[in-house]
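Text of the file protein.cif, holding mmCIF, C-alpha atoms:
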```
data_my_file
#
loop_
_atom_site.label_atom_id
_atom_site.label_comp_id
_atom_site.auth_asym_id
_atom_site.auth_seq_id
_atom_site.Cartn_x
_atom_site.Cartn_y
_atom_site.Cartn_z
CA LYS S 1 116.60 288.14 58.50
CA ASN S 2 114.88 284.93 59.41
CA TYR S 3 115.49 285.29 63.15
CA LYS S 4 113.90 281.97 64.05
CA ASN S 5 116.58 280.05 62.15
CA LYS S 6 119.20 282.79 61.84
CA LEU S 7 119.33 282.38 58.05
CA PRO S 8 119.47 285.43 55.80
CA LEU S 9 116.51 286.58 53.73
CA PRO S 10 116.02 286.65 50.89
CA HIS S 11 116.83 282.96 50.40
CA VAL S 12 119.25 283.06 47.44
CA GLY S 13 121.00 280.15 45.76
CA PHE S 14 120.64 276.50 44.91
CA ASN S 15 118.72 274.21 47.22
CA ALA S 16 117.37 270.65 47.06
CA VAL S 17 113.74 269.97 46.14
CA LYS S 18 112.04 266.83 47.49
CA TYR S 19 109.04 265.93 45.35
CA LYS S 20 106.27 263.36 44.99
CA LYS S 21 106.71 261.54 41.68
CA THR S 22 104.52 262.94 38.90
CA LYS S 23 105.01 263.33 35.14
CA ILE S 24 106.48 266.82 35.41
CA TRP S 25 109.43 265.37 37.37
CA ASN S 26 110.29 262.63 34.81
CA GLY S 27 114.04 262.33 34.36
CA ILE S 28 114.83 264.51 37.40
CA ASN S 29 116.29 262.88 40.49
CA ASN S 30 114.57 263.55 43.79
CA LEU S 31 116.47 266.06 45.93
CA SER S 32 117.90 267.76 42.82
CA TYR S 33 119.02 271.36 43.21
CA PHE S 34 117.11 274.34 41.81
CA TYR S 35 117.79 278.07 42.05
CA PHE S 36 115.85 280.13 44.61
CA ILE S 37 115.58 283.85 45.25
CA HIS S 38 112.65 284.72 47.51
CA SER S 39 111.63 286.12 50.88
CA TYR S 40 108.16 284.59 51.14
CA ARG S 41 106.80 281.06 51.22
CA VAL S 42 103.55 279.15 51.12
CA SER S 43 102.73 278.44 54.75
CA SER S 44 100.49 275.39 54.33
CA ASP S 45 98.78 273.16 51.82
CA ASN S 46 95.24 271.87 51.81
CA ASN S 47 96.23 268.25 51.08
CA LEU S 48 94.32 268.50 47.80
CA VAL S 49 97.45 269.27 45.80
CA LYS S 50 100.70 267.45 45.18
CA CYS S 51 103.62 269.47 46.37
CA ALA S 52 107.37 269.44 46.72
CA THR S 53 109.32 270.77 49.67
CA THR S 54 112.67 272.38 50.34
CA ASN S 55 114.51 272.97 53.58
CA TYR S 56 115.93 276.38 54.38
CA GLY S 57 116.01 276.33 58.15
CA GLU S 58 112.63 274.62 58.02
CA ASN S 59 110.66 272.73 55.39
CA PHE S 60 108.55 274.87 53.10
CA ILE S 61 106.47 274.18 49.99
CA SER S 62 108.57 274.91 46.92
CA PHE S 63 106.38 273.45 44.14
CA VAL S 64 102.64 272.93 43.81
CA GLU S 65 100.76 270.79 41.30
CA ASN S 66 96.99 270.57 41.07
CA SER S 67 95.43 269.15 37.89
CA ASN S 68 96.80 271.41 35.13
CA ILE S 69 98.10 274.14 37.47
CA PHE S 70 101.80 274.24 38.37
CA ALA S 71 103.69 276.76 40.51
CA SER S 72 107.29 276.83 41.64
CA GLN S 73 108.96 278.88 44.36
CA PHE S 74 112.29 278.32 42.60
CA HIS S 75 113.29 279.63 39.17
CA PRO S 76 113.46 276.80 36.61
CA GLU S 77 114.85 279.20 33.99
CA LYS S 78 117.87 279.87 36.24
CA SER S 79 118.33 276.24 37.33
CA HIS S 80 120.55 275.06 34.47
CA LEU S 81 119.90 271.67 32.86
CA LEU S 82 117.46 270.47 35.53
CA GLY S 83 115.38 273.60 35.11
CA LEU S 84 115.35 273.11 31.35
CA LYS S 85 114.25 269.50 31.88
CA LEU S 86 111.39 270.63 34.13
CA ILE S 87 110.29 273.18 31.50
CA GLU S 88 110.56 270.51 28.78
CA ASN S 89 108.44 268.13 30.86
CA PHE S 90 105.86 270.88 31.36
CA CYS S 91 105.69 271.54 27.61
CA ASN S 92 105.22 267.83 26.91
CA LEU S 93 102.40 267.22 29.42
CA LYS S 94 99.19 265.86 27.89
#
```

I need this file expressed as structure tokens, please.
Amino acid sequence: KNYKNKLPLPHVGFNAVKYKKTKIWNGINNLSYFYFIHSYRVSSDNNLVKCATTNYGENFISFVENSNIFASQFHPEKSHLLGLKLIENFCNLK
């Protein structure tokens, strides 16, 4: 359990992602919902990367973008049409 916020761990289910606009997010509304299943999180960023955040009792980094490196805490492949759009955008990056 996450005793600080009394929310169960692992974090399972759909949750909103707040992002900074970049090409990988084209056609996806800010605060769209993606599927999560995790117990761990990135605790900080070094301000050298663009990141997205999600709130599950507290804000945490749920997506990182740095040059041609991308990482998501959520599962795009389980996030229905929005996840497919994110994967499509990734495949079309130049």

So, with all atoms listed in the file as the atoms that count, which of S:Phe14, S:Lys20, S:Leu31, S:Leu93 lies closest to Asn68 of chain S? S:Leu93

Translate the PyMOL selection byres ((chain S and resi 66) around 8) into a concrete residue list for this structure, as a PDB file with C-alpha atoms, in the frame of the given file.
```pdb
ATOM      1  CA  LEU S  48      94.320 268.500  47.800  1.00  0.00           C
ATOM      2  CA  VAL S  49      97.450 269.270  45.800  1.00  0.00           C
ATOM      3  CA  LYS S  50     100.700 267.450  45.180  1.00  0.00           C
ATOM      4  CA  VAL S  64     102.640 272.930  43.810  1.00  0.00           C
ATOM      5  CA  GLU S  65     100.760 270.790  41.300  1.00  0.00           C
ATOM      6  CA  SER S  67      95.430 269.150  37.890  1.00  0.00           C
ATOM      7  CA  ASN S  68      96.800 271.410  35.130  1.00  0.00           C
ATOM      8  CA  ILE S  69      98.100 274.140  37.470  1.00  0.00           C
ATOM      9  CA  PHE S  70     101.800 274.240  38.370  1.00  0.00           C
TER      10      PHE S  70
END
```

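The point (114.4, 269.2, 50.5) has these residues within 10 Å of it, counting only C-alpha atoms: S:Asn15, S:Ala16, S:Val17, S:Lys18, S:Tyr19, S:Asn30, S:Leu31, S:Ser32, S:Tyr33, S:Ala52, S:Thr53, S:Thr54, S:Asn55, S:Tyr56, S:Glu58, S:Asn59, S:Phe60, S:Ile61, S:Ser62.
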
Include C-alpha atoms and write out the residues we just selected as a short mmCIF file (atom, residue, chain, number, x, y, z; two decimals), in the coordinates of the input.
```
data_model
loop_
_atom_site.label_atom_id
_atom_site.label_comp_id
_atom_site.auth_asym_id
_atom_site.auth_seq_id
_atom_site.Cartn_x
_atom_site.Cartn_y
_atom_site.Cartn_z
CA ASN S 15 118.72 274.21 47.22
CA ALA S 16 117.37 270.65 47.06
CA VAL S 17 113.74 269.97 46.14
CA LYS S 18 112.04 266.83 47.49
CA TYR S 19 109.04 265.93 45.35
CA ASN S 30 114.57 263.55 43.79
CA LEU S 31 116.47 266.06 45.93
CA SER S 32 117.90 267.76 42.82
CA TYR S 33 119.02 271.36 43.21
CA ALA S 52 107.37 269.44 46.72
CA THR S 53 109.32 270.77 49.67
CA THR S 54 112.67 272.38 50.34
CA ASN S 55 114.51 272.97 53.58
CA TYR S 56 115.93 276.38 54.38
CA GLU S 58 112.63 274.62 58.02
CA ASN S 59 110.66 272.73 55.39
CA PHE S 60 108.55 274.87 53.10
CA ILE S 61 106.47 274.18 49.99
CA SER S 62 108.57 274.91 46.92
#
```

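On the file presented, the PyMOL selection byres ((chain S and resi 75-88) around 10) picks out Gly13, Phe14, Lys23, Ile24, Trp25, Asn26, Gly27, Ile28, Asn29, Ser32, Tyr33, Phe34, Tyr35, Phe36, Ile37, His38, Ser72, Gln73, Phe74, Asn89, Phe90, Cys91, Asn92 and Leu93 of chain S.
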